[in-house]
Amino acid sequence: MKNVKVLIQLVVGLLIAFFIMRYQGAFVATKTSDIVMAVGDGFTVAAVLYLGVGALMWISTTGFFDIFGFAFKKAARVFIPNFFVDSEGNFYEYKMGKEEKRKGFSQYSALIIGAIFLVISIILTVVWYMIVE
C-alpha cells in the first residue's frame, strides 16, 4: 500500500511536469535548446511544488500546527455547539491524542520525489547551458 501511494505521487508529479512542458511549448518547439528548457521548466515547477508541500507535511508531523487545529476546533464548537463533541478536554490532552495518531506516520516521499525532480531539472539546466553555448 505504501508503494502505491508513492507511485501515485510520482505519476501526479510527472503529470504536473507534463502540463508545464506543454504550456512552455516543448512539443511544438523546433530548436533542441527550447525543448530542453521547457522540459527543465516542467521538472522545476513540479520539484518546487513537491518540496514545498513535503516540507509542510514534515513540519506538521512534528506537532507544530496542533495549536491551530485545537483553536479552530474550539472556535467551531462555539459557533456550531452540537456538531463538535468536546472530547479532547484541554490542549495537553488534545496534543497527546494527536501524537498517538502520528506514530509511524512518515511523509518523506513527497520530499524525496521533489528532490529527484530537482536533480533532473538541474541536470537539464546544465545540458541547456551546454547546448546554448
# chains A, B, ... in the order shown; residues from 1 in each chain; ligands from 1
$ select_by_dssp --residues "stretch 2-114 of chain A" --states "helix (DSSP H, G or I)" --output "VMD selection string"
chain A and resid 2 to 24 32 to 60 66 to 79 91 to 102 108 to 114
$ closest_atom_pairs --of "stretch 4-83 of chain A" --to "stretch 110-131 of chain A" --cutoff "8 Å" --atoms "only C-alpha atoms" --output "Markdown table"
| residue | atom | partner | partner_atom | distance |
| --- | --- | --- | --- | --- |
| A:Gln9 | CA | A:Ala110 | CA | 7.3 |
| A:Leu10 | CA | A:Ile113 | CA | 6.7 |
| A:Thr32 | CA | A:Ile131 | CA | 7.9 |
| A:Ser33 | CA | A:Trp128 | CA | 5.8 |
| A:Val36 | CA | A:Trp128 | CA | 6.0 |
| A:Met37 | CA | A:Trp128 | CA | 6.3 |
| A:Val39 | CA | A:Leu124 | CA | 7.7 |
| A:Gly40 | CA | A:Ser121 | CA | 4.8 |
| A:Asp41 | CA | A:Ser121 | CA | 7.2 |
| A:Phe43 | CA | A:Ser121 | CA | 5.4 |
| A:Thr44 | CA | A:Ser121 | CA | 5.4 |
| A:Ala46 | CA | A:Phe117 | CA | 6.9 |
| A:Ala47 | CA | A:Gly114 | CA | 4.3 |
| A:Val48 | CA | A:Gly114 | CA | 6.8 |
| A:Leu49 | CA | A:Gly114 | CA | 7.5 |
| A:Tyr50 | CA | A:Gly114 | CA | 4.7 |
| A:Leu51 | CA | A:Gly114 | CA | 4.9 |
| A:Val53 | CA | A:Ala110 | CA | 7.2 |
| A:Gly54 | CA | A:Ala110 | CA | 4.8 |
| A:Ala55 | CA | A:Leu111 | CA | 6.8 |
$ atom_distance --atom1 "atom CA of A:Ile67" --atom2 "atom CA of A:Gly52"
21.2 Å
$ closest_residue --among "A:Gly42, A:Gly13, A:Gly63, A:Pro81" --to "A:Ala26" --atoms "only C-alpha atoms"
A:Gly42
$ closest_residue --among "A:Val78, A:Ser109, A:Val132, A:Tyr92" --to "A:Leu7" --atoms "only C-alpha atoms"
A:Ser109
$ residues_around --residues "A:Ala71" --least-positions-apart "3" --cutoff "12 Å" --atoms "only C-alpha atoms" --output "list in words"
Phe65, Asp66, Ile67, Phe68, Lys74, Ala75, Ala76, Arg77, Val78, Glu88, Asn90, Phe91, Tyr94 and Lys95 of chain A
$ write_last_selection --atoms "N, CA, C and O atoms" --output "PDB file, in the first residue's frame"
ATOM      1  N   PHE A  65       1.608  22.482  14.108  1.00  0.00           N
ATOM      2  CA  PHE A  65       0.304  23.069  13.799  1.00  0.00           C
ATOM      3  C   PHE A  65      -0.811  22.592  14.725  1.00  0.00           C
ATOM      4  O   PHE A  65      -1.982  22.908  14.494  1.00  0.00           O
ATOM      5  N   ASP A  66      -0.487  21.832  15.757  1.00  0.00           N
ATOM      6  CA  ASP A  66      -1.519  21.314  16.657  1.00  0.00           C
ATOM      7  C   ASP A  66      -2.306  22.417  17.350  1.00  0.00           C
ATOM      8  O   ASP A  66      -3.511  22.291  17.559  1.00  0.00           O
ATOM      9  N   ILE A  67      -1.652  23.502  17.711  1.00  0.00           N
ATOM     10  CA  ILE A  67      -2.346  24.592  18.401  1.00  0.00           C
ATOM     11  C   ILE A  67      -3.410  25.208  17.509  1.00  0.00           C
ATOM     12  O   ILE A  67      -4.482  25.593  17.969  1.00  0.00           O
ATOM     13  N   PHE A  68      -3.126  25.281  16.201  1.00  0.00           N
ATOM     14  CA  PHE A  68      -4.107  25.852  15.275  1.00  0.00           C
ATOM     15  C   PHE A  68      -5.322  24.938  15.133  1.00  0.00           C
ATOM     16  O   PHE A  68      -6.465  25.402  15.093  1.00  0.00           O
ATOM     17  N   LYS A  74     -12.088  24.441  18.813  1.00  0.00           N
ATOM     18  CA  LYS A  74     -12.784  25.146  19.903  1.00  0.00           C
ATOM     19  C   LYS A  74     -13.656  26.270  19.355  1.00  0.00           C
ATOM     20  O   LYS A  74     -14.780  26.467  19.818  1.00  0.00           O
ATOM     21  N   ALA A  75     -13.157  27.005  18.370  1.00  0.00           N
ATOM     22  CA  ALA A  75     -13.944  28.086  17.776  1.00  0.00           C
ATOM     23  C   ALA A  75     -15.155  27.535  17.034  1.00  0.00           C
ATOM     24  O   ALA A  75     -16.250  28.100  17.113  1.00  0.00           O
ATOM     25  N   ALA A  76     -14.989  26.437  16.332  1.00  0.00           N
ATOM     26  CA  ALA A  76     -16.114  25.837  15.615  1.00  0.00           C
ATOM     27  C   ALA A  76     -17.165  25.332  16.589  1.00  0.00           C
ATOM     28  O   ALA A  76     -18.365  25.412  16.316  1.00  0.00           O
ATOM     29  N   ARG A  77     -16.716  24.848  17.747  1.00  0.00           N
ATOM     30  CA  ARG A  77     -17.658  24.370  18.755  1.00  0.00           C
ATOM     31  C   ARG A  77     -18.500  25.522  19.308  1.00  0.00           C
ATOM     32  O   ARG A  77     -19.659  25.337  19.662  1.00  0.00           O
ATOM     33  N   VAL A  78     -17.926  26.716  19.367  1.00  0.00           N
ATOM     34  CA  VAL A  78     -18.670  27.886  19.838  1.00  0.00           C
ATOM     35  C   VAL A  78     -19.751  28.253  18.828  1.00  0.00           C
ATOM     36  O   VAL A  78     -20.885  28.562  19.204  1.00  0.00           O
ATOM     37  N   GLU A  88     -11.785  16.189  23.699  1.00  0.00           N
ATOM     38  CA  GLU A  88     -10.355  16.342  23.897  1.00  0.00           C
ATOM     39  C   GLU A  88     -10.008  16.955  25.247  1.00  0.00           C
ATOM     40  O   GLU A  88      -8.963  16.680  25.793  1.00  0.00           O
ATOM     41  N   ASN A  90      -8.456  19.662  27.491  1.00  0.00           N
ATOM     42  CA  ASN A  90      -7.524  20.774  27.324  1.00  0.00           C
ATOM     43  C   ASN A  90      -6.530  20.494  26.197  1.00  0.00           C
ATOM     44  O   ASN A  90      -6.539  19.428  25.579  1.00  0.00           O
ATOM     45  N   PHE A  91      -5.634  21.456  25.973  1.00  0.00           N
ATOM     46  CA  PHE A  91      -4.692  21.345  24.861  1.00  0.00           C
ATOM     47  C   PHE A  91      -3.722  20.190  25.046  1.00  0.00           C
ATOM     48  O   PHE A  91      -3.359  19.518  24.081  1.00  0.00           O
ATOM     49  N   TYR A  94      -5.369  17.049  23.963  1.00  0.00           N
ATOM     50  CA  TYR A  94      -5.526  17.092  22.508  1.00  0.00           C
ATOM     51  C   TYR A  94      -4.198  16.758  21.826  1.00  0.00           C
ATOM     52  O   TYR A  94      -4.147  15.968  20.885  1.00  0.00           O
ATOM     53  N   LYS A  95      -3.113  17.378  22.306  1.00  0.00           N
ATOM     54  CA  LYS A  95      -1.797  17.160  21.706  1.00  0.00           C
ATOM     55  C   LYS A  95      -1.336  15.720  21.888  1.00  0.00           C
ATOM     56  O   LYS A  95      -0.762  15.130  20.961  1.00  0.00           O
TER      57      LYS A  95
END
$ atom_distance --atom1 "atom CA of A:Phe70" --atom2 "atom CA of A:Glu99"
13.2 Å
$ decode --residues "stretch 91-105 of chain A" --atoms "all heavy atoms" --output "PDB file, in the first residue's frame"
ATOM      1  N   PHE A  91      -5.634  21.456  25.973  1.00  0.00           N
ATOM      2  CA  PHE A  91      -4.692  21.345  24.861  1.00  0.00           C
ATOM      3  C   PHE A  91      -3.722  20.190  25.046  1.00  0.00           C
ATOM      4  O   PHE A  91      -3.359  19.518  24.081  1.00  0.00           O
ATOM      5  CB  PHE A  91      -3.920  22.659  24.682  1.00  0.00           C
ATOM      6  CG  PHE A  91      -2.903  22.596  23.593  1.00  0.00           C
ATOM      7  CD1 PHE A  91      -3.274  22.436  22.270  1.00  0.00           C
ATOM      8  CD2 PHE A  91      -1.554  22.672  23.892  1.00  0.00           C
ATOM      9  CE1 PHE A  91      -2.330  22.354  21.265  1.00  0.00           C
ATOM     10  CE2 PHE A  91      -0.599  22.595  22.896  1.00  0.00           C
ATOM     11  CZ  PHE A  91      -0.990  22.447  21.585  1.00  0.00           C
ATOM     12  N   TYR A  92      -3.289  19.942  26.272  1.00  0.00           N
ATOM     13  CA  TYR A  92      -2.339  18.859  26.511  1.00  0.00           C
ATOM     14  C   TYR A  92      -2.935  17.512  26.101  1.00  0.00           C
ATOM     15  O   TYR A  92      -2.279  16.717  25.421  1.00  0.00           O
ATOM     16  CB  TYR A  92      -1.926  18.827  27.977  1.00  0.00           C
ATOM     17  CG  TYR A  92      -0.962  17.709  28.293  1.00  0.00           C
ATOM     18  CD1 TYR A  92       0.374  17.797  27.919  1.00  0.00           C
ATOM     19  CD2 TYR A  92      -1.391  16.552  28.939  1.00  0.00           C
ATOM     20  CE1 TYR A  92       1.256  16.774  28.181  1.00  0.00           C
ATOM     21  CE2 TYR A  92      -0.513  15.524  29.209  1.00  0.00           C
ATOM     22  CZ  TYR A  92       0.805  15.639  28.831  1.00  0.00           C
ATOM     23  OH  TYR A  92       1.677  14.620  29.083  1.00  0.00           O
ATOM     24  N   GLU A  93      -4.172  17.266  26.473  1.00  0.00           N
ATOM     25  CA  GLU A  93      -4.828  16.009  26.102  1.00  0.00           C
ATOM     26  C   GLU A  93      -5.023  15.921  24.585  1.00  0.00           C
ATOM     27  O   GLU A  93      -4.856  14.858  23.986  1.00  0.00           O
ATOM     28  CB  GLU A  93      -6.160  15.886  26.824  1.00  0.00           C
ATOM     29  CG  GLU A  93      -6.017  15.728  28.329  1.00  0.00           C
ATOM     30  CD  GLU A  93      -7.341  15.854  29.047  1.00  0.00           C
ATOM     31  OE1 GLU A  93      -8.370  16.101  28.374  1.00  0.00           O
ATOM     32  OE2 GLU A  93      -7.349  15.721  30.278  1.00  0.00           O
ATOM     33  N   TYR A  94      -5.369  17.049  23.963  1.00  0.00           N
ATOM     34  CA  TYR A  94      -5.526  17.092  22.508  1.00  0.00           C
ATOM     35  C   TYR A  94      -4.198  16.758  21.826  1.00  0.00           C
ATOM     36  O   TYR A  94      -4.147  15.968  20.885  1.00  0.00           O
ATOM     37  CB  TYR A  94      -6.013  18.482  22.089  1.00  0.00           C
ATOM     38  CG  TYR A  94      -6.129  18.676  20.597  1.00  0.00           C
ATOM     39  CD1 TYR A  94      -7.233  18.206  19.890  1.00  0.00           C
ATOM     40  CD2 TYR A  94      -5.135  19.334  19.880  1.00  0.00           C
ATOM     41  CE1 TYR A  94      -7.349  18.386  18.525  1.00  0.00           C
ATOM     42  CE2 TYR A  94      -5.230  19.519  18.517  1.00  0.00           C
ATOM     43  CZ  TYR A  94      -6.342  19.048  17.853  1.00  0.00           C
ATOM     44  OH  TYR A  94      -6.442  19.227  16.499  1.00  0.00           O
ATOM     45  N   LYS A  95      -3.113  17.378  22.306  1.00  0.00           N
ATOM     46  CA  LYS A  95      -1.797  17.160  21.706  1.00  0.00           C
ATOM     47  C   LYS A  95      -1.336  15.720  21.888  1.00  0.00           C
ATOM     48  O   LYS A  95      -0.762  15.130  20.961  1.00  0.00           O
ATOM     49  CB  LYS A  95      -0.784  18.121  22.326  1.00  0.00           C
ATOM     50  CG  LYS A  95       0.561  18.066  21.655  1.00  0.00           C
ATOM     51  CD  LYS A  95       1.362  19.289  21.977  1.00  0.00           C
ATOM     52  CE  LYS A  95       2.724  19.252  21.354  1.00  0.00           C
ATOM     53  NZ  LYS A  95       2.721  19.440  19.931  1.00  0.00           N
ATOM     54  N   MET A  96      -1.591  15.130  23.050  1.00  0.00           N
ATOM     55  CA  MET A  96      -1.195  13.741  23.274  1.00  0.00           C
ATOM     56  C   MET A  96      -1.991  12.789  22.377  1.00  0.00           C
ATOM     57  O   MET A  96      -1.466  11.801  21.873  1.00  0.00           O
ATOM     58  CB  MET A  96      -1.370  13.348  24.746  1.00  0.00           C
ATOM     59  CG  MET A  96      -0.384  13.997  25.685  1.00  0.00           C
ATOM     60  SD  MET A  96       1.302  13.572  25.272  1.00  0.00           S
ATOM     61  CE  MET A  96       1.946  15.142  24.755  1.00  0.00           C
ATOM     62  N   GLY A  97      -3.270  13.091  22.155  1.00  0.00           N
ATOM     63  CA  GLY A  97      -4.082  12.297  21.233  1.00  0.00           C
ATOM     64  C   GLY A  97      -3.562  12.377  19.810  1.00  0.00           C
ATOM     65  O   GLY A  97      -3.515  11.386  19.074  1.00  0.00           O
ATOM     66  N   LYS A  98      -3.143  13.577  19.393  1.00  0.00           N
ATOM     67  CA  LYS A  98      -2.576  13.754  18.058  1.00  0.00           C
ATOM     68  C   LYS A  98      -1.236  13.029  17.933  1.00  0.00           C
ATOM     69  O   LYS A  98      -0.940  12.440  16.895  1.00  0.00           O
ATOM     70  CB  LYS A  98      -2.378  15.243  17.749  1.00  0.00           C
ATOM     71  CG  LYS A  98      -3.657  15.968  17.462  1.00  0.00           C
ATOM     72  CD  LYS A  98      -4.244  15.436  16.197  1.00  0.00           C
ATOM     73  CE  LYS A  98      -5.021  16.509  15.498  1.00  0.00           C
ATOM     74  NZ  LYS A  98      -5.560  16.051  14.243  1.00  0.00           N
ATOM     75  N   GLU A  99      -0.419  13.084  18.976  1.00  0.00           N
ATOM     76  CA  GLU A  99       0.870  12.384  18.958  1.00  0.00           C
ATOM     77  C   GLU A  99       0.669  10.885  18.770  1.00  0.00           C
ATOM     78  O   GLU A  99       1.405  10.234  18.038  1.00  0.00           O
ATOM     79  CB  GLU A  99       1.633  12.627  20.266  1.00  0.00           C
ATOM     80  CG  GLU A  99       2.239  13.987  20.400  1.00  0.00           C
ATOM     81  CD  GLU A  99       3.486  14.160  19.573  1.00  0.00           C
ATOM     82  OE1 GLU A  99       4.188  13.154  19.342  1.00  0.00           O
ATOM     83  OE2 GLU A  99       3.733  15.283  19.138  1.00  0.00           O
ATOM     84  N   GLU A 100      -0.327  10.334  19.439  1.00  0.00           N
ATOM     85  CA  GLU A 100      -0.603   8.894  19.335  1.00  0.00           C
ATOM     86  C   GLU A 100      -1.031   8.522  17.910  1.00  0.00           C
ATOM     87  O   GLU A 100      -0.663   7.474  17.393  1.00  0.00           O
ATOM     88  CB  GLU A 100      -1.679   8.503  20.343  1.00  0.00           C
ATOM     89  CG  GLU A 100      -1.815   7.025  20.544  1.00  0.00           C
ATOM     90  CD  GLU A 100      -0.548   6.393  21.109  1.00  0.00           C
ATOM     91  OE1 GLU A 100       0.131   7.020  21.934  1.00  0.00           O
ATOM     92  OE2 GLU A 100      -0.234   5.260  20.691  1.00  0.00           O
ATOM     93  N   LYS A 101      -1.800   9.405  17.263  1.00  0.00           N
ATOM     94  CA  LYS A 101      -2.246   9.137  15.896  1.00  0.00           C
ATOM     95  C   LYS A 101      -1.102   9.239  14.892  1.00  0.00           C
ATOM     96  O   LYS A 101      -1.137   8.616  13.838  1.00  0.00           O
ATOM     97  CB  LYS A 101      -3.341  10.123  15.497  1.00  0.00           C
ATOM     98  CG  LYS A 101      -4.658   9.887  16.183  1.00  0.00           C
ATOM     99  CD  LYS A 101      -5.680  10.895  15.716  1.00  0.00           C
ATOM    100  CE  LYS A 101      -6.988  10.745  16.464  1.00  0.00           C
ATOM    101  NZ  LYS A 101      -7.951  11.786  16.083  1.00  0.00           N
ATOM    102  N   ARG A 102      -0.083  10.042  15.217  1.00  0.00           N
ATOM    103  CA  ARG A 102       1.022  10.257  14.290  1.00  0.00           C
ATOM    104  C   ARG A 102       2.101   9.198  14.370  1.00  0.00           C
ATOM    105  O   ARG A 102       3.025   9.200  13.575  1.00  0.00           O
ATOM    106  CB  ARG A 102       1.670  11.618  14.561  1.00  0.00           C
ATOM    107  CG  ARG A 102       1.018  12.754  13.852  1.00  0.00           C
ATOM    108  CD  ARG A 102       1.903  13.969  13.873  1.00  0.00           C
ATOM    109  NE  ARG A 102       2.046  14.549  15.176  1.00  0.00           N
ATOM    110  CZ  ARG A 102       1.285  15.512  15.668  1.00  0.00           C
ATOM    111  NH1 ARG A 102       0.321  16.007  14.941  1.00  0.00           N
ATOM    112  NH2 ARG A 102       1.479  15.979  16.872  1.00  0.00           N
ATOM    113  N   LYS A 103       2.044   8.286  15.291  1.00  0.00           N
ATOM    114  CA  LYS A 103       3.102   7.278  15.446  1.00  0.00           C
ATOM    115  C   LYS A 103       3.264   6.488  14.152  1.00  0.00           C
ATOM    116  O   LYS A 103       2.309   5.942  13.620  1.00  0.00           O
ATOM    117  CB  LYS A 103       2.767   6.309  16.586  1.00  0.00           C
ATOM    118  CG  LYS A 103       2.692   6.974  17.923  1.00  0.00           C
ATOM    119  CD  LYS A 103       4.038   7.040  18.548  1.00  0.00           C
ATOM    120  CE  LYS A 103       3.844   7.566  19.966  1.00  0.00           C
ATOM    121  NZ  LYS A 103       4.988   8.100  20.548  1.00  0.00           N
ATOM    122  N   GLY A 104       4.493   6.431  13.662  1.00  0.00           N
ATOM    123  CA  GLY A 104       4.778   5.653  12.460  1.00  0.00           C
ATOM    124  C   GLY A 104       4.322   6.294  11.171  1.00  0.00           C
ATOM    125  O   GLY A 104       4.386   5.703  10.121  1.00  0.00           O
ATOM    126  N   PHE A 105       3.910   7.542  11.202  1.00  0.00           N
ATOM    127  CA  PHE A 105       3.387   8.220  10.021  1.00  0.00           C
ATOM    128  C   PHE A 105       4.517   9.035   9.392  1.00  0.00           C
ATOM    129  O   PHE A 105       5.022   9.958   9.978  1.00  0.00           O
ATOM    130  CB  PHE A 105       2.231   9.125  10.439  1.00  0.00           C
ATOM    131  CG  PHE A 105       1.468   9.701   9.300  1.00  0.00           C
ATOM    132  CD1 PHE A 105       0.632   8.917   8.543  1.00  0.00           C
ATOM    133  CD2 PHE A 105       1.597  11.037   8.982  1.00  0.00           C
ATOM    134  CE1 PHE A 105      -0.075   9.447   7.493  1.00  0.00           C
ATOM    135  CE2 PHE A 105       0.897  11.578   7.934  1.00  0.00           C
ATOM    136  CZ  PHE A 105       0.060  10.781   7.189  1.00  0.00           C
TER     137      PHE A 105
END
